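A.B. asks: So here's protein_3.cif (mmCIF, C-alpha atoms and all ligand atoms).
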data_target
#
loop_
_atom_site.label_atom_id
_atom_site.label_comp_id
_atom_site.auth_asym_id
_atom_site.auth_seq_id
_atom_site.Cartn_x
_atom_site.Cartn_y
_atom_site.Cartn_z
CA MET A 1 99.32 97.86 6.52
CA ILE A 2 102.02 97.45 9.17
CA THR A 3 104.68 95.06 8.00
CA SER A 4 107.74 95.74 10.11
CA ILE A 5 108.13 94.33 13.62
CA ALA A 6 111.27 96.32 14.34
CA SER A 7 111.12 98.91 17.12
CA ASN A 8 108.51 101.44 16.13
CA PRO A 9 108.21 104.79 17.96
CA ASP A 10 104.45 105.03 17.32
CA PHE A 11 103.98 101.59 18.82
CA GLU A 12 106.07 102.57 21.84
CA THR A 13 103.87 105.68 22.31
CA LEU A 14 100.81 103.44 22.21
CA LEU A 15 102.29 101.09 24.82
CA ASP A 16 103.25 104.05 26.95
CA TYR A 17 99.69 105.40 26.78
CA LEU A 18 98.27 102.04 27.88
CA LYS A 19 100.72 101.87 30.75
CA GLN A 20 100.22 105.45 31.98
CA LYS A 21 96.51 105.94 31.37
CA CYS A 22 95.09 102.42 31.69
CA GLY A 23 97.59 100.92 34.16
CA CYS A 24 98.23 98.14 31.65
CA ASP A 25 101.92 97.33 31.29
CA LEU A 26 102.47 95.24 28.17
CA THR A 27 106.21 95.77 28.01
CA PHE A 28 107.01 92.27 29.26
CA TYR A 29 105.36 90.55 26.30
CA LYS A 30 107.46 89.56 23.29
CA ARG A 31 107.38 92.63 21.11
CA ASP A 32 106.97 90.91 17.72
CA SER A 33 103.95 88.80 18.68
CA LEU A 34 102.48 91.72 20.62
CA MET A 35 102.65 93.89 17.50
CA ARG A 36 101.03 91.15 15.45
CA ARG A 37 98.14 90.96 17.91
CA PHE A 38 97.63 94.73 17.88
CA GLU A 39 97.71 94.53 14.12
CA ARG A 40 94.99 91.86 14.14
CA ARG A 41 92.75 94.07 16.27
CA MET A 42 93.46 97.07 14.06
CA GLN A 43 92.58 95.07 10.94
CA ASP A 44 89.18 94.26 12.48
CA LEU A 45 88.62 97.99 12.90
CA LYS A 46 90.12 98.85 9.50
CA ILE A 47 92.74 101.09 11.12
CA ASP A 48 96.10 101.02 9.39
CA ASN A 49 98.55 102.67 11.77
CA TYR A 50 99.34 102.84 15.48
CA THR A 51 98.79 106.60 15.76
CA ASN A 52 95.24 106.32 14.43
CA TYR A 53 94.61 103.37 16.69
CA LEU A 54 95.79 105.38 19.69
CA GLN A 55 93.33 108.12 18.76
CA TYR A 56 90.57 105.52 18.42
CA LEU A 57 91.43 104.09 21.83
CA GLN A 58 91.32 107.56 23.38
CA GLY A 59 87.86 108.16 21.97
CA HIS A 60 86.39 104.69 22.68
CA THR A 61 87.06 103.56 26.24
CA GLU A 62 85.29 100.22 25.63
CA GLU A 63 87.94 99.36 23.04
CA TYR A 64 90.38 98.66 25.85
CA THR A 65 88.45 95.48 26.81
CA SER A 66 88.40 94.18 23.23
CA LEU A 67 92.09 94.96 22.84
CA LEU A 68 92.97 93.04 25.99
CA ASP A 69 90.90 90.11 24.83
CA THR A 70 92.91 89.98 21.59
CA ILE A 71 96.24 90.45 23.33
CA LEU A 72 95.82 88.04 26.22
CA ILE A 73 94.53 85.13 24.10
CA ASN A 74 92.23 83.52 26.65
CA PHE A 75 92.05 80.36 24.59
CA SER A 76 91.80 77.19 26.64
CA GLY A 77 90.12 73.78 26.75
CA PHE A 78 89.27 70.92 29.05
CA PHE A 79 91.89 68.15 29.05
CA ARG A 80 93.94 70.13 26.52
CA ASN A 81 96.83 67.88 25.42
CA ARG A 82 95.10 64.84 26.84
CA ASP A 83 98.25 62.70 27.20
CA CYS A 84 99.71 65.23 29.66
CA TRP A 85 96.59 65.08 31.83
CA ASP A 86 96.63 61.26 31.70
CA TYR A 87 100.22 61.33 32.91
CA LEU A 88 99.33 63.82 35.62
CA ALA A 89 96.47 61.59 36.80
CA SER A 90 98.38 58.31 36.66
CA THR A 91 101.80 59.43 37.93
CA ILE A 92 102.03 62.92 39.39
CA ILE A 93 98.83 63.27 41.45
CA PRO A 94 99.47 59.91 43.22
CA GLN A 95 103.01 61.09 44.02
CA ILE A 96 101.73 64.36 45.46
CA ILE A 97 99.27 62.44 47.65
CA ASN A 98 101.91 59.90 48.74
CA ASN A 99 104.33 62.68 49.69
CA LYS A 100 101.80 64.03 52.19
CA LYS A 101 100.69 62.88 55.62
CA PRO A 102 97.08 61.63 55.60
CA GLN A 103 95.46 64.88 56.76
CA GLU A 104 97.99 67.29 55.26
CA LYS A 105 96.73 70.01 52.93
CA ILE A 106 97.39 69.81 49.20
CA ARG A 107 97.72 73.18 47.50
CA VAL A 108 97.49 73.67 43.76
CA TRP A 109 97.61 76.78 41.61
CA SER A 110 96.44 77.31 38.06
CA ALA A 111 98.24 80.46 36.91
CA GLY A 112 96.88 82.04 33.73
CA CYS A 113 93.65 80.05 34.01
CA ALA A 114 91.77 81.81 31.14
CA TYR A 115 88.10 80.80 31.37
CA GLY A 116 88.75 78.11 33.96
CA GLN A 117 88.76 74.93 31.86
CA GLU A 118 92.20 73.97 33.11
CA VAL A 119 91.45 74.41 36.81
CA TYR A 120 88.17 72.50 36.58
CA THR A 121 89.99 69.69 34.74
CA LEU A 122 92.48 69.47 37.58
CA LEU A 123 89.75 69.63 40.20
CA MET A 124 87.97 66.65 38.63
CA LEU A 125 91.20 64.63 38.60
CA LEU A 126 91.87 65.47 42.25
CA VAL A 127 88.36 64.45 43.32
CA GLU A 128 88.73 61.23 41.32
CA ALA A 129 92.05 60.50 43.05
CA LEU A 130 91.11 61.49 46.61
CA GLY A 131 87.37 60.98 46.83
CA ILE A 132 85.05 63.86 47.50
CA GLU A 133 85.43 63.94 51.30
CA GLN A 134 89.22 63.97 51.29
CA TYR A 135 89.16 66.53 48.51
CA LEU A 136 86.94 68.87 50.50
CA GLN A 137 89.03 68.49 53.63
CA ARG A 138 92.48 68.70 52.14
CA VAL A 139 92.67 70.50 48.81
CA GLN A 140 93.14 74.22 48.36
CA ILE A 141 92.93 75.40 44.77
CA PHE A 142 93.93 78.81 43.51
CA ALA A 143 93.11 79.97 39.99
CA THR A 144 94.47 83.27 38.78
CA VAL A 145 94.64 85.29 35.61
CA VAL A 146 95.48 88.87 34.71
CA ASP A 147 92.29 89.49 32.74
CA SER A 148 89.35 90.45 34.99
CA ALA A 149 86.76 89.67 32.32
CA ALA A 150 88.14 86.13 31.87
CA LEU A 151 88.26 85.69 35.63
CA LYS A 152 84.59 86.54 35.94
CA LEU A 153 83.68 83.85 33.40
CA ALA A 154 86.04 81.32 34.99
CA ARG A 155 84.24 81.82 38.32
CA LYS A 156 80.90 81.12 36.66
CA GLY A 157 82.06 77.76 35.27
CA SER A 158 79.45 77.79 32.50
CA TYR A 159 80.36 76.26 29.14
CA SER A 160 78.75 75.63 25.76
CA GLN A 161 78.29 72.22 24.17
CA ASP A 162 81.33 72.85 21.97
CA GLU A 163 83.50 73.79 24.91
CA VAL A 164 82.88 70.60 26.90
CA VAL A 165 83.79 68.31 24.01
CA GLY A 166 87.12 67.25 25.55
CA ILE A 167 85.57 66.00 28.80
CA PRO A 168 85.09 62.23 29.15
CA ILE A 169 81.36 61.54 29.24
CA GLU A 170 81.33 60.00 32.74
CA LEU A 171 83.06 63.07 34.18
CA LEU A 172 80.76 65.41 32.30
CA SER A 173 77.65 63.84 33.81
CA LYS A 174 79.22 63.60 37.26
CA TYR A 175 80.58 67.14 37.59
CA PHE A 176 78.34 69.29 35.41
CA GLU A 177 74.72 70.25 35.57
CA LYS A 178 73.06 70.81 32.23
CA ASN A 179 70.55 73.56 31.74
CA GLU A 180 68.94 74.22 28.38
CA LYS A 181 72.03 75.30 26.53
CA ARG A 182 74.98 75.20 28.88
CA TYR A 183 76.96 72.93 31.14
CA ILE A 184 77.56 74.40 34.61
CA PHE A 185 80.30 73.05 36.84
CA ASP A 186 79.12 71.68 40.22
CA SER A 187 78.57 74.74 42.42
CA LYS A 188 79.76 73.19 45.69
CA LEU A 189 83.05 72.12 44.15
CA ARG A 190 83.32 75.39 42.28
CA SER A 191 83.18 77.28 45.56
CA THR A 192 86.30 75.47 46.76
CA ILE A 193 88.40 77.34 44.19
CA VAL A 194 89.88 80.68 45.22
CA PHE A 195 89.82 82.79 42.07
CA GLY A 196 91.88 85.98 41.93
CA ARG A 197 93.33 88.53 39.55
CA HIS A 198 97.08 88.11 39.40
CA ASN A 199 99.71 89.34 37.01
CA LEU A 200 102.49 86.78 36.70
CA ALA A 201 104.97 89.36 35.48
CA VAL A 202 104.71 91.62 38.52
CA ASP A 203 102.74 90.10 41.40
CA ALA A 204 104.12 88.04 44.27
CA PRO A 205 103.46 84.31 43.91
CA MET A 206 101.38 82.01 46.14
CA SER A 207 103.32 79.79 48.50
CA LYS A 208 103.57 76.13 49.54
CA ILE A 209 102.18 74.97 46.23
CA ASP A 210 102.33 71.23 45.49
CA LEU A 211 101.32 71.53 41.85
CA LEU A 212 101.62 74.71 39.84
CA MET A 213 100.07 74.69 36.38
CA CYS A 214 101.07 77.50 34.10
CA ARG A 215 100.37 76.37 30.58
CA ASN A 216 100.58 78.32 27.36
CA VAL A 217 101.11 81.61 29.15
CA LEU A 218 104.85 82.16 29.39
CA ILE A 219 105.47 81.69 25.67
CA TYR A 220 104.11 85.21 25.24
CA PHE A 221 106.59 86.77 27.70
CA HIS A 222 110.03 87.88 26.62
CA PHE A 223 112.99 85.92 27.92
CA LYS A 224 113.89 88.10 30.90
CA THR A 225 110.33 88.14 32.22
CA GLN A 226 110.06 84.39 31.74
CA ALA A 227 113.25 83.93 33.75
CA ALA A 228 111.88 86.09 36.59
CA VAL A 229 108.59 84.18 36.59
CA PHE A 230 110.44 80.87 36.91
CA VAL A 231 112.26 82.24 39.95
CA ARG A 232 108.91 83.22 41.50
CA PHE A 233 107.59 79.74 40.71
CA HIS A 234 110.58 78.27 42.51
CA PHE A 235 109.55 80.24 45.61
CA ALA A 236 105.96 79.16 45.22
CA ILE A 237 106.47 75.42 44.92
CA THR A 238 107.23 73.09 47.84
CA ASP A 239 110.46 71.08 47.68
CA LYS A 240 108.61 67.99 46.50
CA GLY A 241 106.17 69.92 44.33
CA PHE A 242 105.72 69.98 40.55
CA LEU A 243 105.47 72.52 37.78
CA PHE A 244 103.20 71.72 34.82
CA LEU A 245 103.88 73.79 31.69
CA GLY A 246 102.31 73.98 28.24
CA ASN A 247 103.46 71.88 25.31
CA ALA A 248 105.53 74.64 23.75
CA GLU A 249 107.11 75.75 27.02
CA ASN A 250 110.33 74.93 28.79
CA SER A 251 112.02 76.34 31.85
CA THR A 252 114.45 79.12 30.90
CA ASN A 253 116.64 78.21 33.85
CA LYS A 254 117.66 74.60 33.34
CA LYS A 255 119.08 74.35 36.83
CA ILE A 256 116.24 75.52 39.06
CA PHE A 257 113.70 73.27 37.33
CA ILE A 258 114.52 69.82 36.05
CA PRO A 259 112.26 67.69 33.88
CA VAL A 260 110.33 64.82 35.42
CA SER A 261 108.75 64.11 32.06
CA LEU A 262 109.78 66.44 29.27
CA LYS A 263 107.19 64.87 26.99
CA HIS A 264 104.40 65.83 29.37
CA ARG A 265 106.04 69.11 30.43
CA ILE A 266 106.22 68.21 34.11
CA PHE A 267 109.14 69.62 36.10
CA ALA A 268 110.45 69.33 39.65
CA LYS A 269 112.56 71.79 41.60
CA GLY A 270 116.27 71.45 40.94
CA GLU A 271 118.99 73.58 42.47
CA LYS A 272 118.33 76.22 45.09
CA LEU A 273 118.05 79.84 43.98
CA THR A 274 121.17 81.96 43.87
CA LEU A 275 121.42 85.61 44.91
CA GLU A 276 121.33 86.49 41.19
CA ASP A 277 118.06 84.60 40.85
CA HIS A 278 116.62 86.49 43.81
CA LEU A 279 117.69 89.77 42.36
CA LEU A 280 116.26 88.95 38.97
CA ILE A 281 112.77 89.36 40.38
CA ARG A 282 113.52 92.82 41.66
CA THR A 283 112.67 95.37 39.05
CA GLN A 284 115.44 96.06 36.56
CA THR A 285 118.26 96.02 39.12
CA SER A 286 121.64 96.50 37.47
CA ARG A 287 124.63 94.42 38.44
CA THR A 288 126.44 97.33 40.11
CA LYS A 289 123.46 97.92 42.34
CA VAL A 290 123.30 94.21 43.08
CA LEU A 291 126.65 94.35 44.77
CA ASP A 292 125.82 97.44 46.81
CA PRO A 293 125.79 96.24 50.47
CA LEU A 294 122.88 98.53 51.42
CA ASN A 295 120.88 97.15 48.58
CA ILE A 296 121.59 93.62 49.75
CA GLN A 297 120.65 94.57 53.32
CA VAL A 298 117.29 95.97 52.21
CA PHE A 299 116.80 92.94 50.03
CA VAL A 300 117.54 90.49 52.84
CA TRP A 301 115.22 92.40 55.16
CA GLN A 302 112.48 92.34 52.55
CA ARG A 303 112.95 88.62 51.85
CA ALA A 304 112.94 87.86 55.58
CA PHE A 305 109.55 89.56 55.89
CA GLU A 306 108.18 87.85 52.80
CA LYS A 307 109.49 84.45 53.77
CA SER A 308 108.87 84.60 57.50
CA PRO A 309 107.44 81.29 58.74
CA PHE A 310 104.59 83.29 60.28
CA ALA A 311 101.87 85.16 58.49
CA GLN A 312 102.54 88.86 58.84
CA LEU A 313 100.84 91.95 57.60
CA ALA A 314 100.86 95.68 58.11
CA ILE A 315 97.97 98.09 58.26
CA ASN A 316 97.86 101.89 58.20
CA LEU A 317 95.98 104.16 60.56
CA LYS A 318 92.79 103.76 58.58
CA GLY A 319 92.92 100.00 59.09
CA CYS A 320 93.81 99.39 55.42
CA LEU A 321 96.13 96.61 54.34
CA ILE A 322 99.46 97.95 53.13
CA LEU A 323 101.71 94.87 53.19
CA ALA A 324 101.25 91.11 53.50
CA ASN A 325 103.84 88.36 53.31
CA ASP A 326 103.49 85.03 51.50
CA GLN A 327 102.18 83.20 54.54
CA ALA A 328 99.54 85.85 55.18
CA ASN A 329 98.51 85.77 51.52
CA ALA A 330 98.03 82.02 51.77
CA LEU A 331 96.33 82.00 55.17
CA PHE A 332 93.83 84.73 54.36
CA SER A 333 93.61 84.18 50.59
CA LEU A 334 94.96 87.66 49.93
CA THR A 335 96.08 88.89 46.53
CA ASP A 336 97.75 92.12 45.49
CA GLY A 337 94.31 93.42 44.59
CA ASP A 338 93.50 93.47 48.32
CA LEU A 339 96.22 95.99 49.09
CA GLY A 340 94.57 99.21 50.20
CA ALA A 341 91.36 97.44 51.25
CA LYS A 342 89.99 97.84 54.76
CA LEU A 343 90.82 94.82 56.88
CA GLN A 344 87.21 94.47 57.92
CA ASN A 345 86.20 93.95 54.27
CA LEU A 346 88.63 91.08 53.81
CA GLN A 347 88.44 87.49 55.03
CA ILE A 348 90.75 88.43 57.87
CA GLY A 349 88.10 90.91 59.10
CA GLN A 350 86.32 87.86 60.57
CA ILE A 351 88.93 87.68 63.30
CA ILE A 352 90.39 91.17 63.60
CA LYS A 353 88.20 94.17 64.28
CA SER A 354 90.64 96.75 62.99
CA SER A 355 88.76 99.85 64.18
CA THR A 356 88.63 98.67 67.81
CA LEU A 357 92.17 97.49 67.56
CA LEU A 358 93.53 100.78 66.24
CA LYS A 359 91.67 102.75 68.86
CA GLN A 360 93.30 100.60 71.52
CA LEU A 361 96.76 100.99 69.96
CA TRP A 362 96.24 104.71 69.63
CA ASP A 363 95.10 105.05 73.25
CA GLU A 364 97.65 102.73 74.82
CA HIS A 365 100.65 102.91 72.47
CA ARG A 366 101.76 99.40 73.38
CA ALA A 367 101.82 95.98 71.77
CA LEU A 368 98.77 93.75 72.04
CA TYR A 369 98.71 89.99 72.25
CA LEU A 370 95.53 88.09 71.40
CA GLN A 371 95.72 84.46 72.41
CA ASN A 372 93.95 81.40 71.21
CA ILE A 373 91.69 83.15 68.70
CA GLU A 374 89.30 80.67 67.13
CA TRP A 375 88.67 81.10 63.41
CA VAL A 376 85.96 79.00 61.85
CA THR A 377 85.98 78.58 58.08
CA GLU A 378 84.45 76.12 55.63
CA ILE A 379 87.55 73.95 55.86
CA GLY A 380 87.65 73.75 59.65
CA ILE A 381 88.73 75.59 62.78
CA THR A 382 92.09 77.33 63.00
CA TYR A 383 93.48 78.63 66.29
CA LEU A 384 95.76 81.63 66.16
CA ASP A 385 97.89 83.66 68.54
CA ILE A 386 98.06 87.21 67.22
CA HIS A 387 100.82 89.68 68.08
CA ILE A 388 100.02 93.27 67.23
CA LYS A 389 102.76 95.86 67.37
CA PRO A 390 102.25 99.56 66.85
CA VAL A 391 104.60 101.08 64.28
CA PHE A 392 105.89 104.60 65.01
CA ASN A 393 107.93 107.03 62.95
CA ALA A 394 111.21 108.54 64.23
CA SER A 395 109.37 111.24 66.16
CA GLY A 396 107.06 108.77 67.90
CA LYS A 397 103.96 109.31 65.77
CA LEU A 398 101.83 106.19 65.34
CA LEU A 399 101.79 105.13 61.67
CA GLY A 400 99.93 101.86 61.83
CA ALA A 401 100.46 98.34 63.07
CA ASN A 402 102.27 95.15 62.28
CA LEU A 403 100.32 91.91 62.87
CA THR A 404 101.89 88.48 63.25
CA PHE A 405 99.76 85.33 63.27
CA VAL A 406 101.01 82.11 64.84
CA ASP A 407 98.94 79.07 63.92
CA ILE A 408 98.62 76.95 67.06
CA THR A 409 95.93 74.61 65.72
CA HIS A 410 98.12 71.51 65.92
CA TYR A 411 98.69 72.07 69.66
CA LYS A 412 94.95 71.90 70.15
CA GLN A 413 94.47 68.60 68.36
CA PRO A 414 94.69 65.36 70.37
CA ALA A 415 97.97 63.49 69.72
C1 LIG B 501 96.47 80.81 25.87
S1 LIG B 501 95.75 81.10 27.44
C2 LIG B 501 96.15 79.62 28.29
C3 LIG B 501 95.05 79.14 29.19
C4 LIG B 501 95.30 77.85 29.92
N1 LIG B 501 96.42 77.97 30.81
C5 LIG B 501 95.53 76.72 28.96
O1 LIG B 501 96.66 76.36 28.66
O2 LIG B 501 94.54 76.18 28.46
C6 LIG B 501 96.85 82.30 28.13
C7 LIG B 501 96.31 82.88 29.43
O3 LIG B 501 97.33 83.63 30.06
C8 LIG B 501 96.75 84.80 30.62
N2 LIG B 501 97.81 85.80 30.81
C9 LIG B 501 98.45 86.54 29.87
N3 LIG B 501 99.33 87.36 30.47
C10 LIG B 501 99.26 87.12 31.79
C11 LIG B 501 99.91 87.66 32.92
N4 LIG B 501 100.82 88.62 32.78
N5 LIG B 501 99.60 87.17 34.14
C12 LIG B 501 98.65 86.20 34.28
N6 LIG B 501 97.98 85.68 33.25
C13 LIG B 501 98.28 86.11 32.01
C14 LIG B 501 95.72 85.19 29.57
O4 LIG B 501 94.74 86.07 30.11
C15 LIG B 501 95.16 83.83 29.22
O5 LIG B 501 94.11 83.49 30.08
#
The structure in this file should be written as C-alpha cells.
Ligand SMILES: C[S@@+](CC[C@H](N)C(=O)[O-])C[C@H]1O[C@@H](n2cnc3c(N)ncnc32)[C@H](O)[C@@H]1O
C.D. replies:
Amino acid sequence: MITSIASNPDFETLLDYLKQKCGCDLTFYKRDSLMRRFERRMQDLKIDNYTNYLQYLQGHTEEYTSLLDTILINFSGFFRNRDCWDYLASTIIPQIINNKKPQEKIRVWSAGCAYGQEVYTLLMLLVEALGIEQYLQRVQIFATVVDSAALKLARKGSYSQDEVVGIPIELLSKYFEKNEKRYIFDSKLRSTIVFGRHNLAVDAPMSKIDLLMCRNVLIYFHFKTQAAVFVRFHFAITDKGFLFLGNAENSTNKKIFIPVSLKHRIFAKGEKLTLEDHLLIRTQTSRTKVLDPLNIQVFVWQRAFEKSPFAQLAINLKGCLILANDQANALFSLTDGDLGAKLQNLQIGQIIKSSTLLKQLWDEHRALYLQNIEWVTEIGITYLDIHIKPVFNASGKLLGANLTFVDITHYKQPA
C-alpha cells in the first residue's frame, strides 16, 4: 500500500505518461490529494504501486475514463448549500438585474459544472426572477467542465429520484418532465445553455460575465494555479459582476476579489489587475523574463488582440480557425475545442462562407469589407460589418486571413 505523499518518481512517471500520451495534464492539481485519488482507484483494482498501475493503464485504454472520473470528482447537487442559493436569489440576482438596462443581456457562467445540477439550479432562479420571456430574450448561460463524459450527461439534464431531492417541489414540477424513472429538465430551457469543454487551468476565460459560479473546483488546484485562475476570472467578470465560490473556497488574491458575503461565498471585483497578475497567467514565466522589454511588447500585443473591443479571429488557408479573441469567443460561442475546426462547421459558418472568401482573397490579394451582414439566431437578429484582411508572410505569400466583426445592431434599432 502507498503511504507516503512525498514526491515519488514513479508517480511523476505516471503523470508524465498521462500528459504525453493522453494529453491529460494533471500537474496543476494538489499533489497530495491527487495521489490519494490515484490510490483509491488503484485499491479498487487491487494494484499496489504506481508502476504496475501505469502498466495496467497502458494495456487497458478504457481505464483512462474511470481514472478521470475518480480524479475529477464530478460530485454535485441541486441547491447545494441551500443558504447560499437563497442569498443569491434574494440579494445578488436582483442586483445583477438592477445594474442592467431593461433589454441588456445578462451573461452567466458555471465553470466546473459537473453533471449540470448547478447550472440548472441557477437557470431556474433566473427564470423565477425575470419571467420566462425576459429570460429567453436576455440571458446567456455558459456551462463548462473539463470532463467530456460529465459534459455529455450535463447536456442531457436527466436525473434520478435521489438526485432531484434538493429541488423545491414547485420548481421540480415546473421545470422537469418525469418519465418512468427519471426527471428530465425542460428541453426548451435546456437548449438555452451553451455547454462546452473547458479546462480552467489552461483555457482562456469567457468574457463580460455578470455572474461566474465556480464552486468546489479550485480547492483541488495547487496555490499557483488557483491564483492564475482568479486572474482569468477577473478578466471574465464585468465590473459590477459577481463571483460565486464553493463553501470551502476563498480567493487567493485578497485584493482583486473582495467579499460581498463571505458566509455565502459571493465576491465582487476589487482592485484592477497588475502587470504581475497578467503575467501570472502566462505559462511559468520567470521574473527576469517578465522584465524583458520584448517579452512585455509581445504580451501587450497579445493582450490587445485578446481584449480588443471587436470580435476578431484568424483563419489559415484551409479556412480553419487558428485564433479567436474573447469577443469572438463570446459572439460565436467558440471554445478552445473549436480551434482547428473549419469555419463552415462552426456557428460563424452561417455568415461567412470561408471557401468563397479565401478564393477571393487568393485571387485579389486585397482586404474585403462586408457591410450590414444580417445574422439571425434564436435570440434575435444581429447586424455586423465584417473586415477581412489577408495575412502575408515576409515574402508576400498569403498565409490566411484576419477577420474583424463590428456589431452595428444598435444603429439599426429605432431610438
Ligand atoms: C466537486 S465537482 C463540483 C461541481 C459543482 N461545481 C458543484 O459545486 O456542485 C468538481 C468539478 O470540477 C471539474 N473540474 C476539475 N478540474 C477541472 C478543470 N481543470 N477545469 C474545469 N473543470 C474541472 C470536475 O470535472 C467536476 O465536475
A.B. asks: For each of A:Ala89, A:Trp362, A:Ala227, A:Ala330, take the minimum atom-to-atom distance to A:Gln140, counting only C-alpha atoms, then give the residue where this is smallest.
C.D. replies: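 Looking only at the distances to A:Gln140, the closest residue turns out to be A:Ala330.
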A.B. asks: Taking only C-alpha atoms and all ligand atoms into account, list the residues no farther than 7 Å from ligand LIG 501 (chain B), as an MDAnalysis selection string.
C.D. replies: chainID A and resid 72:77 80 111:115 117:118 144:147 150 198:201 214:217 246
A.B. asks: Tell me which residues come within 12 Å of (90.5, 100.7, 68.5), as a list in words, counting only C-alpha atoms in the file's coordinates.
C.D. replies: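 Checking each residue against the 12 Å limit leaves Leu317, Lys318, Gly319, Ile352, Lys353, Ser354, Ser355, Thr356, Leu357, Leu358, Lys359, Gln360, Leu361, Trp362, Asp363, Glu364, His365, Leu368, Pro390, Gly400 and Ala401 of chain A.
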A.B. asks: Taking all atoms of stretch 380-384 of chain A that appear in the file, build a box with edges along x, y and z, extend it by 8 Å on every side, and state its centre and edge lengths in Å to one decimal, as lines of an AutoDock Vina configuration file.
C.D. replies:
center_x = 91.7
center_y = 77.7
center_z = 63.0
size_x = 24.1
size_y = 23.9
size_z = 22.6
A.B. asks: For stretch 32-41 of chain A, list every protein, DNA or RNA residue within 12 Å, evaluated using all atoms listed in the file, and leave out those in the same chain fewer than 6 positions away; present the list as a VMD selection string.
C.D. replies: chain A and resid 1 to 8 10 to 12 14 to 15 26 47 to 50 53 to 54 56 to 57 63 to 73 219 to 222
A.B. asks: What would the list of residues within 12 Å of (108.7, 65.0, 32.2) (file frame) look like as a PyMOL selection string, if all atoms listed in the file are what count?
C.D. replies: chain A and resi 83-84+87-88+91-92+242-247+250-251+257-268
A.B. asks: Quick check, in Å to one decimal: how far apart do atom CA of A:Lys100 and atom CA of A:Arg197 lie?
C.D. replies: 28.8 Å
A.B. asks: Could you please determine the separation between atom CA of A:Ile184 and atom CA of A:Ile169 in Å, to one decimal place?
C.D. replies: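 We find that atom CA of A:Ile184 and atom CA of A:Ile169 lie 14.4 Å from each other.
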A.B. asks: Can you tell me, as a PyMOL selection string, what residues are no more than 8 Å from A:Leu403 when counting all atoms listed in the file, ignoring any on the same chain fewer than 2 positions away?
C.D. replies: chain A and resi 312-314+386-389+401+405
A.B. asks: Between A:Lys254, A:Lys101, A:His410, A:Arg155, which one has atoms that come closest to A:Asn372, using all atoms listed in the file?
C.D. replies: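 Comparing A:Lys254, A:Lys101, A:His410, A:Arg155 against A:Asn372, the winner is A:His410.
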A.B. asks: What does the structure give for the distance between atom CA of A:Val108 and atom CA of A:Ser160, in Å to one decimal?
C.D. replies: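 Separation between atom CA of A:Val108 and atom CA of A:Ser160: 26.1 Å.
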A.B. asks: Which residue out of A:Leu153, A:Val406, A:Ala143, A:Glu128 has the minimum interatomic distance to A:Lys174 when only C-alpha atoms are used?
C.D. replies: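 Checking each of A:Leu153, A:Val406, A:Ala143, A:Glu128 against A:Lys174, counting only C-alpha atoms, the winner is A:Glu128.
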A.B. asks: If we count only C-alpha atoms, what is near A:Ala154 at a cut-off of 6 Å, once residues fewer than 2 positions away on the same chain are taken out, given as a list of chain:residue names?
C.D. replies: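 The residues that qualify are A:Tyr115, A:Gly116, A:Leu151, A:Lys152, A:Lys156, A:Gly157.
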A.B. asks: Could you check the closest approach to A:Phe235 for each of A:Asp162, A:Glu170, A:Asp326, A:Glu180 and tell me which residue wins, using only C-alpha atoms?
C.D. replies: A:Asp326
A.B. asks: Keeping C-alpha atoms (and nothing else), can you write stretch 331-366 of chain A of this structure as a CSV table (one decimal), in the first residue's frame?
C.D. replies:
chain,number,residue,atom,x,y,z
A,331,LEU,CA,-20.2,36.3,-30.0
A,332,PHE,CA,-19.9,33.0,-31.8
A,333,SER,CA,-19.9,30.7,-28.7
A,334,LEU,CA,-16.4,29.5,-29.5
A,335,THR,CA,-14.3,27.4,-27.1
A,336,ASP,CA,-10.7,26.3,-27.4
A,337,GLY,CA,-12.0,23.0,-28.7
A,338,ASP,CA,-13.1,24.8,-31.9
A,339,LEU,CA,-9.5,25.7,-32.8
A,340,GLY,CA,-8.5,23.9,-35.9
A,341,ALA,CA,-12.2,23.4,-37.0
A,342,LYS,CA,-13.3,24.6,-40.4
A,343,LEU,CA,-15.2,27.9,-40.1
A,344,GLN,CA,-18.1,26.5,-42.1
A,345,ASN,CA,-18.6,23.8,-39.4
A,346,LEU,CA,-18.9,26.4,-36.6
A,347,GLN,CA,-21.8,28.7,-35.8
A,348,ILE,CA,-19.9,31.5,-37.6
A,349,GLY,CA,-20.1,29.5,-40.8
A,350,GLN,CA,-23.7,30.7,-41.0
A,351,ILE,CA,-22.4,34.2,-42.0
A,352,ILE,CA,-19.0,33.6,-43.5
A,353,LYS,CA,-18.5,31.2,-46.4
A,354,SER,CA,-14.8,30.7,-45.9
A,355,SER,CA,-14.1,28.8,-49.1
A,356,THR,CA,-15.5,31.5,-51.3
A,357,LEU,CA,-13.9,34.1,-49.2
A,358,LEU,CA,-10.4,32.6,-49.4
A,359,LYS,CA,-10.7,32.1,-53.1
A,360,GLN,CA,-11.5,35.8,-53.4
A,361,LEU,CA,-8.6,36.8,-51.1
A,362,TRP,CA,-6.3,34.5,-53.0
A,363,ASP,CA,-7.3,35.9,-56.4
A,364,GLU,CA,-7.4,39.5,-55.4
A,365,HIS,CA,-4.9,39.8,-52.6
A,366,ARG,CA,-6.7,42.8,-51.0
